[in-house]
file final06.pdb (PDB, C-alpha atoms, pLDDT in the B column)
MODEL        1
ATOM      1  CA  MET A   1      -5.039 -13.445  11.853  1.00 47.00           C
ATOM      2  CA  ALA A   2      -2.539 -15.759  13.405  1.00 47.00           C
ATOM      3  CA  GLY A   3      -2.525 -14.886  16.976  1.00 53.00           C
ATOM      4  CA  ARG A   4      -0.066 -15.254  19.813  1.00 54.00           C
ATOM      5  CA  TRP A   5       0.416 -11.475  19.633  1.00 55.00           C
ATOM      6  CA  MET A   6      -3.198 -10.616  20.449  1.00 61.00           C
ATOM      7  CA  ASN A   7      -1.941  -8.258  23.175  1.00 69.00           C
ATOM      8  CA  LEU A   8       0.895  -6.765  21.146  1.00 67.00           C
ATOM      9  CA  GLY A   9       2.411  -3.994  23.210  1.00 69.00           C
ATOM     10  CA  GLN A  10       1.444  -5.476  26.573  1.00 74.00           C
ATOM     11  CA  TYR A  11       5.154  -5.878  27.290  1.00 77.00           C
ATOM     12  CA  ASN A  12       6.194  -2.900  25.097  1.00 81.00           C
ATOM     13  CA  ALA A  13       6.778  -4.768  21.837  1.00 81.00           C
ATOM     14  CA  ASN A  14       6.295  -2.544  18.769  1.00 85.00           C
ATOM     15  CA  GLY A  15       4.986  -3.698  15.432  1.00 88.00           C
ATOM     16  CA  VAL A  16       2.054  -3.849  13.041  1.00 92.00           C
ATOM     17  CA  PRO A  17      -0.066  -6.732  11.789  1.00 93.00           C
ATOM     18  CA  GLY A  18       1.669  -8.476   8.896  1.00 94.00           C
ATOM     19  CA  ALA A  19      -1.296  -7.757   6.618  1.00 95.00           C
ATOM     20  CA  ASP A  20      -0.841  -4.027   7.233  1.00 96.00           C
ATOM     21  CA  ALA A  21       2.885  -4.306   6.526  1.00 97.00           C
ATOM     22  CA  LEU A  22       2.085  -6.168   3.295  1.00 97.00           C
ATOM     23  CA  GLY A  23      -0.293  -3.391   2.187  1.00 97.00           C
ATOM     24  CA  ILE A  24       2.257  -0.714   3.095  1.00 96.00           C
ATOM     25  CA  ALA A  25       5.013  -2.488   1.161  1.00 96.00           C
ATOM     26  CA  ILE A  26       2.821  -2.750  -1.956  1.00 97.00           C
ATOM     27  CA  GLU A  27       1.770   0.900  -1.585  1.00 95.00           C
ATOM     28  CA  ASN A  28       5.434   1.935  -1.400  1.00 94.00           C
ATOM     29  CA  MET A  29       5.949   0.493  -4.887  1.00 95.00           C
ATOM     30  CA  VAL A  30       3.573   3.087  -6.351  1.00 95.00           C
ATOM     31  CA  THR A  31       5.366   6.199  -7.495  1.00 94.00           C
ATOM     32  CA  GLY A  32       3.968   9.302  -9.082  1.00 95.00           C
ATOM     33  CA  ILE A  33       4.113  13.063  -9.266  1.00 95.00           C
ATOM     34  CA  ALA A  34       6.448  14.376  -6.589  1.00 93.00           C
ATOM     35  CA  SER A  35       5.255  17.987  -6.703  1.00 96.00           C
ATOM     36  CA  SER A  36       2.504  18.842  -4.252  1.00 97.00           C
ATOM     37  CA  VAL A  37      -1.010  19.441  -5.533  1.00 97.00           C
ATOM     38  CA  ASP A  38      -0.687  22.908  -3.950  1.00 97.00           C
ATOM     39  CA  THR A  39       1.981  23.914  -6.479  1.00 96.00           C
ATOM     40  CA  GLU A  40       1.172  25.034 -10.020  1.00 96.00           C
ATOM     41  CA  ARG A  41       3.296  22.265 -11.466  1.00 97.00           C
ATOM     42  CA  GLY A  42       1.789  19.533  -9.283  1.00 97.00           C
ATOM     43  CA  LEU A  43      -1.775  20.660  -9.944  1.00 97.00           C
ATOM     44  CA  ALA A  44      -1.226  20.937 -13.707  1.00 97.00           C
ATOM     45  CA  ALA A  45       0.367  17.475 -13.866  1.00 97.00           C
ATOM     46  CA  ARG A  46      -2.499  15.893 -11.937  1.00 98.00           C
ATOM     47  CA  LEU A  47      -5.116  17.583 -14.116  1.00 98.00           C
ATOM     48  CA  ARG A  48      -3.369  16.393 -17.288  1.00 97.00           C
ATOM     49  CA  TYR A  49      -3.126  12.840 -15.950  1.00 97.00           C
ATOM     50  CA  LEU A  50      -6.773  12.776 -14.908  1.00 98.00           C
ATOM     51  CA  THR A  51      -8.247  14.330 -18.064  1.00 97.00           C
ATOM     52  CA  THR A  52      -6.574  12.217 -20.736  1.00 96.00           C
ATOM     53  CA  THR A  53      -8.715   9.077 -20.264  1.00 96.00           C
ATOM     54  CA  ASP A  54     -12.212   8.077 -19.273  1.00 97.00           C
ATOM     55  CA  ALA A  55     -10.684   6.286 -16.289  1.00 97.00           C
ATOM     56  CA  GLY A  56      -9.383   9.648 -15.068  1.00 97.00           C
ATOM     57  CA  TYR A  57     -12.849  11.176 -15.170  1.00 97.00           C
ATOM     58  CA  GLU A  58     -14.177   8.117 -13.316  1.00 97.00           C
ATOM     59  CA  ALA A  59     -11.476   8.576 -10.664  1.00 98.00           C
ATOM     60  CA  MET A  60     -12.457  12.229 -10.259  1.00 98.00           C
ATOM     61  CA  ASP A  61     -16.075  11.185  -9.895  1.00 98.00           C
ATOM     62  CA  ARG A  62     -15.167   8.606  -7.214  1.00 97.00           C
ATOM     63  CA  ALA A  63     -13.154  11.265  -5.375  1.00 98.00           C
ATOM     64  CA  GLY A  64     -16.056  13.710  -5.416  1.00 98.00           C
ATOM     65  CA  VAL A  65     -14.754  16.194  -7.985  1.00 97.00           C
ATOM     66  CA  HIS A  66     -18.031  17.412  -9.451  1.00 97.00           C
ATOM     67  CA  VAL A  67     -17.542  20.607 -11.429  1.00 96.00           C
ATOM     68  CA  SER A  68     -18.894  21.948 -14.668  1.00 96.00           C
ATOM     69  CA  PRO A  69     -16.944  21.400 -17.899  1.00 95.00           C
ATOM     70  CA  ARG A  70     -16.391  25.160 -18.006  1.00 97.00           C
ATOM     71  CA  THR A  71     -14.710  25.111 -14.587  1.00 97.00           C
ATOM     72  CA  LEU A  72     -12.548  22.135 -15.538  1.00 97.00           C
ATOM     73  CA  ILE A  73     -11.445  23.892 -18.728  1.00 97.00           C
ATOM     74  CA  ALA A  74     -10.558  26.989 -16.679  1.00 97.00           C
ATOM     75  CA  TRP A  75      -8.459  24.816 -14.340  1.00 97.00           C
ATOM     76  CA  LEU A  76      -6.672  23.196 -17.278  1.00 96.00           C
ATOM     77  CA  ALA A  77      -5.999  26.611 -18.851  1.00 96.00           C
ATOM     78  CA  GLU A  78      -4.707  27.819 -15.466  1.00 94.00           C
ATOM     79  CA  GLU A  79      -7.237  30.655 -15.529  1.00 96.00           C
ATOM     80  CA  ARG A  80      -8.697  29.517 -12.220  1.00 96.00           C
ATOM     81  CA  THR A  81      -7.349  27.502  -9.331  1.00 96.00           C
ATOM     82  CA  PRO A  82      -9.413  24.867  -7.537  1.00 98.00           C
ATOM     83  CA  ASN A  83     -10.199  25.579  -3.900  1.00 97.00           C
ATOM     84  CA  ARG A  84      -8.400  23.591  -1.207  1.00 97.00           C
ATOM     85  CA  ALA A  85     -11.172  20.966  -0.945  1.00 98.00           C
ATOM     86  CA  ASN A  86     -11.101  20.314  -4.704  1.00 98.00           C
ATOM     87  CA  ARG A  87      -7.296  20.191  -4.746  1.00 98.00           C
ATOM     88  CA  THR A  88      -7.471  17.535  -2.030  1.00 98.00           C
ATOM     89  CA  ARG A  89     -10.054  15.610  -4.061  1.00 98.00           C
ATOM     90  CA  LEU A  90      -7.958  15.940  -7.220  1.00 98.00           C
ATOM     91  CA  ASP A  91      -4.950  14.559  -5.363  1.00 98.00           C
ATOM     92  CA  ALA A  92      -7.029  11.625  -4.073  1.00 97.00           C
ATOM     93  CA  ALA A  93      -8.338  10.988  -7.601  1.00 98.00           C
ATOM     94  CA  TYR A  94      -4.804  11.110  -9.012  1.00 98.00           C
ATOM     95  CA  TRP A  95      -3.477   8.520  -6.530  1.00 97.00           C
ATOM     96  CA  ASP A  96      -6.551   6.321  -6.983  1.00 96.00           C
ATOM     97  CA  LEU A  97      -6.028   6.297 -10.754  1.00 97.00           C
ATOM     98  CA  ARG A  98      -2.283   5.837 -10.364  1.00 97.00           C
ATOM     99  CA  ARG A  99      -2.795   2.796  -8.112  1.00 96.00           C
ATOM    100  CA  ARG A 100      -5.243   1.267 -10.601  1.00 95.00           C
ATOM    101  CA  ASN A 101      -2.921   1.931 -13.539  1.00 95.00           C
ATOM    102  CA  VAL A 102       0.116   0.292 -11.940  1.00 96.00           C
ATOM    103  CA  ALA A 103      -1.685  -2.743 -10.451  1.00 96.00           C
ATOM    104  CA  THR A 104      -1.062  -4.932 -13.499  1.00 93.00           C
ATOM    105  CA  ASP A 105       2.621  -4.007 -13.542  1.00 95.00           C
ATOM    106  CA  LEU A 106       2.916  -4.721  -9.812  1.00 96.00           C
ATOM    107  CA  LYS A 107       1.431  -8.198 -10.293  1.00 96.00           C
ATOM    108  CA  HIS A 108       3.863  -8.908 -13.116  1.00 95.00           C
ATOM    109  CA  ARG A 109       6.883  -7.671 -11.156  1.00 95.00           C
ATOM    110  CA  LEU A 110       5.979  -9.533  -7.976  1.00 96.00           C
ATOM    111  CA  ASN A 111       5.084 -12.795  -9.740  1.00 95.00           C
ATOM    112  CA  ASN A 112       8.418 -12.582 -11.588  1.00 93.00           C
ATOM    113  CA  ASN A 113       7.411 -15.088 -14.290  1.00 91.00           C
ATOM    114  CA  GLY A 114       6.253 -17.595 -11.693  1.00 91.00           C
ATOM    115  CA  ARG A 115       9.442 -17.410  -9.641  1.00 94.00           C
ATOM    116  CA  GLY A 116       7.857 -15.135  -7.025  1.00 95.00           C
ATOM    117  CA  THR A 117       9.588 -12.502  -4.946  1.00 96.00           C
ATOM    118  CA  ARG A 118      12.022 -12.913  -2.065  1.00 96.00           C
ATOM    119  CA  VAL A 119      10.518 -11.166   0.977  1.00 96.00           C
ATOM    120  CA  GLU A 120      12.429 -10.146   4.095  1.00 96.00           C
ATOM    121  CA  ILE A 121      10.302 -10.222   7.236  1.00 96.00           C
ATOM    122  CA  ASN A 122      11.550  -8.249  10.225  1.00 94.00           C
ATOM    123  CA  PRO A 123      10.014  -9.340  13.538  1.00 91.00           C
ATOM    124  CA  VAL A 124       8.417  -6.986  16.031  1.00 89.00           C
ATOM    125  CA  ASP A 125      10.784  -4.645  17.822  1.00 88.00           C
ATOM    126  CA  GLN A 126      11.339  -6.074  21.290  1.00 87.00           C
ATOM    127  CA  THR A 127      14.073  -3.721  22.491  1.00 87.00           C
ATOM    128  CA  ALA A 128      11.744  -2.212  25.123  1.00 86.00           C
ATOM    129  CA  VAL A 129      10.488  -5.638  26.275  1.00 85.00           C
ATOM    130  CA  GLU A 130      11.829  -6.976  29.554  1.00 86.00           C
ATOM    131  CA  ARG A 131      14.239  -9.834  28.748  1.00 88.00           C
ATOM    132  CA  LYS A 132      12.150 -12.549  30.432  1.00 86.00           C
ATOM    133  CA  TYR A 133       9.190 -11.712  28.142  1.00 84.00           C
ATOM    134  CA  ARG A 134      11.100 -11.556  24.862  1.00 82.00           C
ATOM    135  CA  ARG A 135      10.545 -14.104  22.132  1.00 83.00           C
ATOM    136  CA  ASP A 136      13.479 -15.473  20.187  1.00 85.00           C
ATOM    137  CA  LEU A 137      12.707 -14.082  16.721  1.00 87.00           C
ATOM    138  CA  VAL A 138      15.084 -13.148  13.917  1.00 91.00           C
ATOM    139  CA  SER A 139      14.618 -11.570  10.503  1.00 93.00           C
ATOM    140  CA  ARG A 140      13.525 -14.161   7.988  1.00 93.00           C
ATOM    141  CA  SER A 141      13.668 -14.347   4.216  1.00 94.00           C
ATOM    142  CA  ILE A 142      11.180 -16.361   2.227  1.00 94.00           C
ATOM    143  CA  ASN A 143      10.392 -16.720  -1.452  1.00 95.00           C
ATOM    144  CA  VAL A 144       6.709 -15.869  -1.911  1.00 96.00           C
ATOM    145  CA  ARG A 145       4.848 -17.076  -4.979  1.00 95.00           C
ATOM    146  CA  GLY A 146       1.302 -17.815  -5.965  1.00 94.00           C
ATOM    147  CA  VAL A 147      -0.370 -15.071  -3.920  1.00 96.00           C
ATOM    148  CA  TRP A 148       0.671 -11.826  -5.565  1.00 97.00           C
ATOM    149  CA  ASP A 149      -2.343 -11.350  -7.845  1.00 97.00           C
ATOM    150  CA  ARG A 150      -4.647 -11.767  -4.854  1.00 97.00           C
ATOM    151  CA  ALA A 151      -2.473  -9.516  -2.703  1.00 98.00           C
ATOM    152  CA  VAL A 152      -2.417  -6.660  -5.229  1.00 98.00           C
ATOM    153  CA  ASP A 153      -6.179  -6.970  -5.799  1.00 97.00           C
ATOM    154  CA  ALA A 154      -6.816  -6.913  -2.029  1.00 98.00           C
ATOM    155  CA  TRP A 155      -4.527  -3.881  -1.636  1.00 97.00           C
ATOM    156  CA  LEU A 156      -6.293  -2.119  -4.505  1.00 96.00           C
ATOM    157  CA  ASP A 157      -9.704  -2.828  -2.940  1.00 95.00           C
ATOM    158  CA  ASP A 158      -8.494  -1.938   0.589  1.00 94.00           C
ATOM    159  CA  ASP A 159      -9.613  -5.421   1.648  1.00 97.00           C
ATOM    160  CA  ALA A 160      -7.904  -5.878   5.020  1.00 96.00           C
ATOM    161  CA  GLN A 161      -9.512  -9.269   5.616  1.00 97.00           C
ATOM    162  CA  GLU A 162      -8.144 -10.689   2.350  1.00 98.00           C
ATOM    163  CA  LEU A 163      -4.684  -9.203   3.021  1.00 97.00           C
ATOM    164  CA  ASP A 164      -4.780 -10.871   6.436  1.00 95.00           C
ATOM    165  CA  ALA A 165      -5.642 -14.253   4.881  1.00 96.00           C
ATOM    166  CA  ILE A 166      -2.810 -13.818   2.370  1.00 97.00           C
ATOM    167  CA  TRP A 167      -0.367 -12.878   5.141  1.00 95.00           C
ATOM    168  CA  ASP A 168      -1.351 -16.025   7.068  1.00 93.00           C
ATOM    169  CA  ARG A 169      -0.701 -18.047   3.901  1.00 94.00           C
ATOM    170  CA  ILE A 170       2.734 -16.427   3.508  1.00 94.00           C
ATOM    171  CA  ILE A 171       3.898 -17.019   7.076  1.00 93.00           C
ATOM    172  CA  GLU A 172       2.760 -20.666   7.094  1.00 91.00           C
ATOM    173  CA  ASP A 173       5.879 -21.365   5.034  1.00 87.00           C
ATOM    174  CA  LEU A 174       8.075 -20.174   7.914  1.00 88.00           C
ATOM    175  CA  GLY A 175       7.630 -23.458   9.769  1.00 83.00           C
ATOM    176  CA  SER A 176       6.736 -23.983  13.400  1.00 78.00           C
ATOM    177  CA  ASP A 177       7.433 -20.410  14.566  1.00 80.00           C
ATOM    178  CA  TYR A 178       5.241 -18.814  11.884  1.00 82.00           C
ATOM    179  CA  ASP A 179       2.855 -17.382  14.469  1.00 80.00           C
ATOM    180  CA  GLY A 180       5.649 -15.209  15.845  1.00 83.00           C
ATOM    181  CA  TYR A 181       5.489 -13.253  12.579  1.00 91.00           C
ATOM    182  CA  SER A 182       1.783 -12.436  12.601  1.00 89.00           C
ATOM    183  CA  ASN A 183       2.944  -8.963  13.682  1.00 90.00           C
ATOM    184  CA  VAL A 184       6.156  -7.488  12.326  1.00 93.00           C
ATOM    185  CA  SER A 185       8.168  -4.300  12.434  1.00 93.00           C
ATOM    186  CA  SER A 186       8.431  -4.265   8.621  1.00 94.00           C
ATOM    187  CA  ILE A 187       8.688  -6.318   5.480  1.00 96.00           C
ATOM    188  CA  GLY A 188      10.435  -5.550   2.242  1.00 94.00           C
ATOM    189  CA  TRP A 189      11.542  -6.843  -1.111  1.00 94.00           C
ATOM    190  CA  ALA A 190      13.335  -5.754  -4.258  1.00 86.00           C
ATOM    191  CA  ALA A 191      11.009  -6.076  -7.235  1.00 71.00           C
TER
ENDMDL
END
call {"tool": "encode", "arguments": {"input": "final06.pdb", "output": "structure tokens"}}
result
Amino acid sequence: MAGRWMNLGQYNANGVPGADALGIAIENMVTGIASSVDTERGLAARLRYLTTTDAGYEAMDRAGVHVSPRTLIAWLAEERTPNRANRTRLDAAYWDLRRRNVATDLKHRLNNNGRGTRVEINPVDQTAVERKYRRDLVSRSINVRGVWDRAVDAWLDDDAQELDAIWDRIIEDLGSDYDGYSNVSSIGWAA
């Protein structure tokens, strides 16, 4: 990680590492079932989504949903309701599968046929920092290309180290004050 903010918060600055903000921004692009897994509708929708493909069964296995076929059929028929622990696992399996299913689309949207995506980077919040310790940072916009496949793969694998390397690559294009954006308050884009 780029690093003049190693003691972020020492003077009351608020922000997160840029790699974390990058992962959060990608995660925010993933949409899915709005109903809670604790509602009949939300549970039924998740079960349908998870049981229509082999990938859904693999996601349930990764999430620790290990029940007999008879139990699963009873859940699908709404004759029985999973306990709280299994509902939590089903929800985790649903979001895991959803993330994997949209990864290809995210790469396509962010790469934008090679044109990349315009990213707005908002610096750390320094409103609580004493004036003499503030850094002169403003929101920046930069067109990011060539890293999105790696970024989505790193996000999908929860690879914080790779996201950090990608973030360093992104902020290098900001010029001499790039290190001031190793931590940010947020980033965003329209893709």
call {"tool": "residues_around", "arguments": {"input": "final06.pdb", "residues": "Thr117 of chain A", "least_positions_apart": "6", "cutoff": "12 Å", "atoms": "only C-alpha atoms", "output": "VMD selection string"}}
result
chain A and resid 106 to 111 141 to 148 170 188 to 191
call {"tool": "residues_near_point", "arguments": {"input": "final06.pdb", "point": "(12.6, -6.2, 21.3)", "cutoff": "12 Å", "atoms": "all atoms listed in the file", "output": "list in words"}}
result
Leu8, Gly9, Tyr11, Asn12, Ala13, Asn14, Gly15, Asn122, Pro123, Val124, Asp125, Gln126, Thr127, Ala128, Val129, Glu130, Arg131, Lys132, Tyr133, Arg134, Arg135, Asp136, Leu137, Val138, Val184 and Ser185 of chain A
call {"tool": "write_last_selection", "arguments": {"input": "final06.pdb", "atoms": "C-alpha atoms", "output": "PDB file, keeping the file's coordinate frame"}}
result
ATOM      1  CA  LEU A   8       0.895  -6.765  21.146  1.00 67.00           C
ATOM      2  CA  GLY A   9       2.411  -3.994  23.210  1.00 69.00           C
ATOM      3  CA  TYR A  11       5.154  -5.878  27.290  1.00 77.00           C
ATOM      4  CA  ASN A  12       6.194  -2.900  25.097  1.00 81.00           C
ATOM      5  CA  ALA A  13       6.778  -4.768  21.837  1.00 81.00           C
ATOM      6  CA  ASN A  14       6.295  -2.544  18.769  1.00 85.00           C
ATOM      7  CA  GLY A  15       4.986  -3.698  15.432  1.00 88.00           C
ATOM      8  CA  ASN A 122      11.550  -8.249  10.225  1.00 94.00           C
ATOM      9  CA  PRO A 123      10.014  -9.340  13.538  1.00 91.00           C
ATOM     10  CA  VAL A 124       8.417  -6.986  16.031  1.00 89.00           C
ATOM     11  CA  ASP A 125      10.784  -4.645  17.822  1.00 88.00           C
ATOM     12  CA  GLN A 126      11.339  -6.074  21.290  1.00 87.00           C
ATOM     13  CA  THR A 127      14.073  -3.721  22.491  1.00 87.00           C
ATOM     14  CA  ALA A 128      11.744  -2.212  25.123  1.00 86.00           C
ATOM     15  CA  VAL A 129      10.488  -5.638  26.275  1.00 85.00           C
ATOM     16  CA  GLU A 130      11.829  -6.976  29.554  1.00 86.00           C
ATOM     17  CA  ARG A 131      14.239  -9.834  28.748  1.00 88.00           C
ATOM     18  CA  LYS A 132      12.150 -12.549  30.432  1.00 86.00           C
ATOM     19  CA  TYR A 133       9.190 -11.712  28.142  1.00 84.00           C
ATOM     20  CA  ARG A 134      11.100 -11.556  24.862  1.00 82.00           C
ATOM     21  CA  ARG A 135      10.545 -14.104  22.132  1.00 83.00           C
ATOM     22  CA  ASP A 136      13.479 -15.473  20.187  1.00 85.00           C
ATOM     23  CA  LEU A 137      12.707 -14.082  16.721  1.00 87.00           C
ATOM     24  CA  VAL A 138      15.084 -13.148  13.917  1.00 91.00           C
ATOM     25  CA  VAL A 184       6.156  -7.488  12.326  1.00 93.00           C
ATOM     26  CA  SER A 185       8.168  -4.300  12.434  1.00 93.00           C
TER      27      SER A 185
END
call {"tool": "resolve_selection", "arguments": {"input": "final06.pdb", "expression": "the PyMOL selection byres ((chain A and resi 161) around 12)", "output": "PyMOL selection string"}}
result
chain A and resi 1+17-20+23+150-151+154-155+157-160+162-168
call {"tool": "atom_distance", "arguments": {"input": "final06.pdb", "atom1": "atom CA of Ser36 of chain A", "atom2": "atom CA of Val102 of chain A"}}
result
20.2 Å
call {"tool": "axis_aligned_box", "arguments": {"input": "final06.pdb", "around": "segment 51-59 of chain A", "padding_each_side": "3 Å", "output": "JSON"}}
result
{"center_x": -10.4, "center_y": 10.3, "center_z": -15.7, "size_x": 13.6, "size_y": 14.0, "size_z": 16.1}
call {"tool": "atom_distance", "arguments": {"input": "final06.pdb", "atom1": "atom CA of Glu120 of chain A", "atom2": "atom CA of Arg99 of chain A"}}
result
23.4 Å
call {"tool": "closest_residue", "arguments": {"input": "final06.pdb", "among": "A:Ala21, A:Val30, A:Val37, A:Leu90", "to": "Leu72 of chain A", "atoms": "only C-alpha atoms"}}
result
A:Leu90
call {"tool": "atom_distance", "arguments": {"input": "final06.pdb", "atom1": "atom CA of Arg100 of chain A", "atom2": "atom CA of Arg80 of chain A"}}
result
28.5 Å
call {"tool": "closest_residue", "arguments": {"input": "final06.pdb", "among": "A:Leu174, A:Leu156, A:Ile33, A:Val65", "to": "Ile121 of chain A", "atoms": "all atoms listed in the file"}}
result
A:Leu174
call {"tool": "closest_residue", "arguments": {"input": "final06.pdb", "among": "A:Met29, A:Val67, A:Val119, A:Ala77", "to": "Ala103 of chain A", "atoms": "only C-alpha atoms"}}
result
A:Met29
call {"tool": "residues_around", "arguments": {"input": "final06.pdb", "residues": "Arg48 of chain A", "least_positions_apart": "2", "cutoff": "12 Å", "atoms": "all atoms listed in the file", "output": "compact mmCIF listing (two decimals) with C-alpha atoms, in the frame of the given file"}}
result
# COMPACT_ATOMS: atom_id res chain seq x y z
CA ILE A 33 4.11 13.06 -9.27
CA ARG A 41 3.30 22.26 -11.47
CA GLY A 42 1.79 19.53 -9.28
CA LEU A 43 -1.78 20.66 -9.94
CA ALA A 44 -1.23 20.94 -13.71
CA ALA A 45 0.37 17.48 -13.87
CA ARG A 46 -2.50 15.89 -11.94
CA LEU A 50 -6.77 12.78 -14.91
CA THR A 51 -8.25 14.33 -18.06
CA THR A 52 -6.57 12.22 -20.74
CA THR A 53 -8.72 9.08 -20.26
CA GLY A 56 -9.38 9.65 -15.07
CA TYR A 57 -12.85 11.18 -15.17
CA LEU A 72 -12.55 22.14 -15.54
CA ILE A 73 -11.44 23.89 -18.73
CA TRP A 75 -8.46 24.82 -14.34
CA LEU A 76 -6.67 23.20 -17.28
CA ALA A 77 -6.00 26.61 -18.85
CA GLU A 78 -4.71 27.82 -15.47
CA LEU A 90 -7.96 15.94 -7.22
CA TYR A 94 -4.80 11.11 -9.01
call {"tool": "closest_residue", "arguments": {"input": "final06.pdb", "among": "A:Ala34, A:Tyr178, A:Arg169, A:Ile187", "to": "Asp91 of chain A", "atoms": "all atoms listed in the file"}}
result
A:Ala34
call {"tool": "decode", "arguments": {"input": "final06.pdb", "residues": "segment 129-145 of chain A", "atoms": "N, CA and C atoms", "output": "mmCIF file, in the first residue's frame"}}
result
data_model
loop_
_atom_site.group_PDB
_atom_site.id
_atom_site.type_symbol
_atom_site.label_atom_id
_atom_site.label_comp_id
_atom_site.auth_asym_id
_atom_site.auth_seq_id
_atom_site.Cartn_x
_atom_site.Cartn_y
_atom_site.Cartn_z
ATOM 1 N N VAL A 129 -9.643 17.441 11.428
ATOM 2 C CA VAL A 129 -8.187 17.590 11.558
ATOM 3 C C VAL A 129 -7.863 19.062 11.787
ATOM 4 N N GLU A 130 -6.993 19.319 12.759
ATOM 5 C CA GLU A 130 -6.545 20.674 13.017
ATOM 6 C C GLU A 130 -5.923 21.237 11.730
ATOM 7 N N ARG A 131 -6.225 22.491 11.418
ATOM 8 C CA ARG A 131 -5.840 23.092 10.139
ATOM 9 C C ARG A 131 -4.361 22.914 9.815
ATOM 10 N N LYS A 132 -3.474 23.046 10.776
ATOM 11 C CA LYS A 132 -2.041 22.963 10.486
ATOM 12 C C LYS A 132 -1.602 21.563 10.066
ATOM 13 N N TYR A 133 -2.445 20.538 10.335
ATOM 14 C CA TYR A 133 -2.105 19.166 9.950
ATOM 15 C C TYR A 133 -2.841 18.681 8.696
ATOM 16 N N ARG A 134 -3.696 19.511 8.150
ATOM 17 C CA ARG A 134 -4.450 19.105 6.962
ATOM 18 C C ARG A 134 -3.562 19.065 5.727
ATOM 19 N N ARG A 135 -3.920 18.128 4.831
ATOM 20 C CA ARG A 135 -3.256 18.050 3.539
ATOM 21 C C ARG A 135 -4.187 18.658 2.502
ATOM 22 N N ASP A 136 -3.620 19.285 1.510
ATOM 23 C CA ASP A 136 -4.409 19.921 0.466
ATOM 24 C C ASP A 136 -4.804 18.866 -0.570
ATOM 25 N N LEU A 137 -5.961 18.244 -0.357
ATOM 26 C CA LEU A 137 -6.449 17.201 -1.261
ATOM 27 C C LEU A 137 -7.860 17.549 -1.727
ATOM 28 N N VAL A 138 -8.125 17.278 -2.987
ATOM 29 C CA VAL A 138 -9.444 17.533 -3.564
ATOM 30 C C VAL A 138 -9.938 16.249 -4.221
ATOM 31 N N SER A 139 -11.222 16.187 -4.489
ATOM 32 C CA SER A 139 -11.761 15.037 -5.227
ATOM 33 C C SER A 139 -11.128 15.016 -6.609
ATOM 34 N N ARG A 140 -10.821 13.826 -7.065
ATOM 35 C CA ARG A 140 -10.183 13.655 -8.363
ATOM 36 C C ARG A 140 -11.001 12.694 -9.209
ATOM 37 N N SER A 141 -10.961 12.913 -10.506
ATOM 38 C CA SER A 141 -11.573 11.994 -11.458
ATOM 39 C C SER A 141 -10.489 11.470 -12.377
ATOM 40 N N ILE A 142 -10.557 10.176 -12.640
ATOM 41 C CA ILE A 142 -9.545 9.550 -13.488
ATOM 42 C C ILE A 142 -10.211 8.440 -14.291
ATOM 43 N N ASN A 143 -9.795 8.307 -15.535
ATOM 44 C CA ASN A 143 -10.301 7.215 -16.361
ATOM 45 C C ASN A 143 -9.423 5.989 -16.101
ATOM 46 N N VAL A 144 -10.040 4.918 -15.624
ATOM 47 C CA VAL A 144 -9.308 3.707 -15.264
ATOM 48 C C VAL A 144 -9.576 2.646 -16.314
ATOM 49 N N ARG A 145 -8.506 2.112 -16.884
ATOM 50 C CA ARG A 145 -8.636 1.026 -17.851
ATOM 51 C C ARG A 145 -7.496 0.043 -17.651
#
